[in-house]
Amino acid sequence: MAGLVAPILRDDQDNPYVGISESSQAEKEKAERKVGSELGKEDFLLLLVTQMQYQDPLDPADNTDFVAQLAQFSALEQMSNLNQTVSNNSAYALIGQEVLVRITSSTGDVQEVQGSVQKVTLKNGEAYVTIEGKEYSYEDVVQVIDQGYLISTYLPSIMEQNQEYIHHDPHDIEVSGIDLGSNGYEADSFAVILADASNTDRCAVIDPKYLSFDKEKNVLTIDKTVLEGVSAGKYVLVFAFDNAGKTVVADKVTLEITGVPPHPENDILAGKPEKPDGSGSTGTGGTTGSGSTAGSGSTGTGGTTGTTTK
């Protein structure tokens, strides 16, 4: 029975200390954990064995207590197995999904990898996802990205902005933040339509000769002369891209025109029908050829081919 308790020893200065064998010391060091880490089933079993090993022989633990603790250990093990199964099933569901993996090295450097999960592999009960031929721990997956949202990030887009044009102080309009798209959803060119904000049926395609797009800076310049006949009011610039999805952006760029137009006869919106029904005339006449929006304009074909890039 004496082997069940740790002996009290004394050092050279006659100070008492608890004598623990080398094997017990090794178990103690193994049991040491980092602050904030979680206890697992191995830790629970180690605590139970240690309790049995160092119990007081004159007042041993009740057998009922050991049975209760063993039952708790069994429940803990079953719960751990269930959690592992749920985790593995969640990993299998990621096949074909776009995910973001974040890896932190021993030096604290953070690396992020994004891609589609090709397969899921189990190793020693732990799940690993394969992205572009490389395996990463399922525990390092920090984001699952919806395909619809992912595609929307690849489509052409325009930064939201407000533009102003003053007739007595005319200047070119520069629309910035134009992204032509990427990853197979990009556009080569686009058309620009000027539309009345209060009645978008009143619109006209701006002739490409008035447009200049700097692809490096993603800035579109609209020549001021195209607006010299447009009456004061609020307008929107609609962008129609030629990508596979025919993306149209109509709610990002507003244009407010103030002052009295010096050449009202050059209004590119003049003569536009309230509701184009396919029976309209030739459009705005010789400058912009915007009658193509009505579907039957005989000469209104200008502007539909979009801008040319530098």
# chains A, B, ... in the order shown; residues from 1 in each chain; ligands from 1
>>> select_by_dssp(residues="region 126-270 of chain A", states="helix (DSSP H, G or I)", output="ChimeraX atom specification")
/A:138-140,147-154,208-210,224-227,264-266
>>> residues_around(residues="Asn162 (chain A)", least_positions_apart="3", cutoff="9 Å", atoms="only C-alpha atoms", output="list in words")
Lys252, Val253, Thr254, Leu255 and Glu256 of chain A
>>> atom_distance(atom1="CA of Phe190 (chain A)", atom2="CA of Phe239 (chain A)")
6.5 Å
>>> atom_distance(atom1="CA of Lys123 (chain A)", atom2="CA of Gln97 (chain A)")
20.9 Å
>>> residues_around(residues="Gly177 (chain A)", least_positions_apart="6", cutoff="9 Å", atoms="only C-alpha atoms", output="compact mmCIF listing (two decimals) with N, CA and C atoms, in the first residue's frame")
# COMPACT_ATOMS: atom_id res chain seq x y z
N SER A 157 -16.93 46.30 -63.10
CA SER A 157 -17.57 47.14 -62.08
C SER A 157 -17.05 48.57 -62.21
N ILE A 158 -17.76 49.48 -61.54
CA ILE A 158 -17.40 50.90 -61.57
C ILE A 158 -17.55 51.46 -60.16
N MET A 159 -16.62 52.29 -59.76
CA MET A 159 -16.67 52.92 -58.46
C MET A 159 -17.81 53.96 -58.44
N GLU A 160 -18.55 53.99 -57.35
CA GLU A 160 -19.65 54.95 -57.23
C GLU A 160 -19.11 56.37 -57.13
N LYS A 217 -4.86 53.39 -66.03
CA LYS A 217 -5.38 54.16 -64.90
C LYS A 217 -6.85 53.86 -64.61
N ASN A 218 -7.50 53.08 -65.51
CA ASN A 218 -8.93 52.76 -65.36
C ASN A 218 -9.79 54.02 -65.30
N VAL A 219 -9.47 54.97 -66.18
CA VAL A 219 -10.18 56.25 -66.21
C VAL A 219 -10.76 56.47 -67.60
N LEU A 220 -12.05 56.81 -67.64
CA LEU A 220 -12.72 57.15 -68.89
C LEU A 220 -12.87 58.66 -68.98
>>> closest_residue(among="A:Val249, A:Ala232, A:Val49, A:Ile222", to="Asp179 (chain A)", atoms="only C-alpha atoms")
A:Val249
>>> residues_around(residues="Val113 (chain A)", least_positions_apart="5", cutoff="10 Å", atoms="only C-alpha atoms", output="list in words")
Val99, Leu100, Val101, Arg102, Ile103, Ile131, Glu132, Tyr136 and Val141 of chain A
>>> closest_residue(among="A:Leu48, A:Ala250, A:Ile166, A:Met79", to="Asp65 (chain A)", atoms="only C-alpha atoms")
A:Leu48
>>> residues_around(residues="Val248 (chain A)", least_positions_apart="5", cutoff="8 Å", atoms="only C-alpha atoms", output="list of chain:residue names")
A:Val238, A:Phe239, A:Ala240, A:Phe241
>>> write_last_selection(atoms="C-alpha atoms", output="PDB file, in the first residue's frame")
ATOM      1  CA  VAL A 238     -25.045  53.687 -67.967  1.00  0.00           C
ATOM      2  CA  PHE A 239     -22.189  51.346 -68.901  1.00  0.00           C
ATOM      3  CA  ALA A 240     -22.852  48.319 -71.116  1.00  0.00           C
ATOM      4  CA  PHE A 241     -19.869  45.932 -71.196  1.00  0.00           C
TER       5      PHE A 241
END
>>> residues_around(residues="Asp267 (chain A)", least_positions_apart="6", cutoff="9 Å", atoms="only C-alpha atoms", output="list in words")
Val226, Leu227, Glu228, Gly229, Val230, Ser231, Pro261 and Thr284 of chain A
>>> write_last_selection(atoms="N, CA and C atoms", output="PDB file, in the first residue's frame")
ATOM      1  N   VAL A 226     -19.667  66.868 -76.185  1.00  0.00           N
ATOM      2  CA  VAL A 226     -20.850  66.029 -76.350  1.00  0.00           C
ATOM      3  C   VAL A 226     -21.990  66.489 -75.447  1.00  0.00           C
ATOM      4  N   LEU A 227     -21.675  67.285 -74.426  1.00  0.00           N
ATOM      5  CA  LEU A 227     -22.689  67.735 -73.469  1.00  0.00           C
ATOM      6  C   LEU A 227     -23.103  69.187 -73.688  1.00  0.00           C
ATOM      7  N   GLU A 228     -22.554  69.852 -74.708  1.00  0.00           N
ATOM      8  CA  GLU A 228     -22.788  71.285 -74.868  1.00  0.00           C
ATOM      9  C   GLU A 228     -24.249  71.632 -75.178  1.00  0.00           C
ATOM     10  N   GLY A 229     -25.047  70.657 -75.636  1.00  0.00           N
ATOM     11  CA  GLY A 229     -26.441  70.963 -75.937  1.00  0.00           C
ATOM     12  C   GLY A 229     -27.425  70.373 -74.960  1.00  0.00           C
ATOM     13  N   VAL A 230     -26.937  69.640 -73.953  1.00  0.00           N
ATOM     14  CA  VAL A 230     -27.826  68.971 -72.997  1.00  0.00           C
ATOM     15  C   VAL A 230     -28.327  69.972 -71.969  1.00  0.00           C
ATOM     16  N   SER A 231     -29.634  69.987 -71.750  1.00  0.00           N
ATOM     17  CA  SER A 231     -30.221  70.934 -70.806  1.00  0.00           C
ATOM     18  C   SER A 231     -29.876  70.561 -69.375  1.00  0.00           C
ATOM     19  N   PRO A 261     -27.429  75.733 -71.799  1.00  0.00           N
ATOM     20  CA  PRO A 261     -26.603  75.195 -72.892  1.00  0.00           C
ATOM     21  C   PRO A 261     -26.407  76.226 -73.996  1.00  0.00           C
ATOM     22  N   THR A 284     -30.891  60.660 -82.932  1.00  0.00           N
ATOM     23  CA  THR A 284     -30.599  62.053 -82.636  1.00  0.00           C
ATOM     24  C   THR A 284     -30.054  62.783 -83.845  1.00  0.00           C
TER      25      THR A 284
END
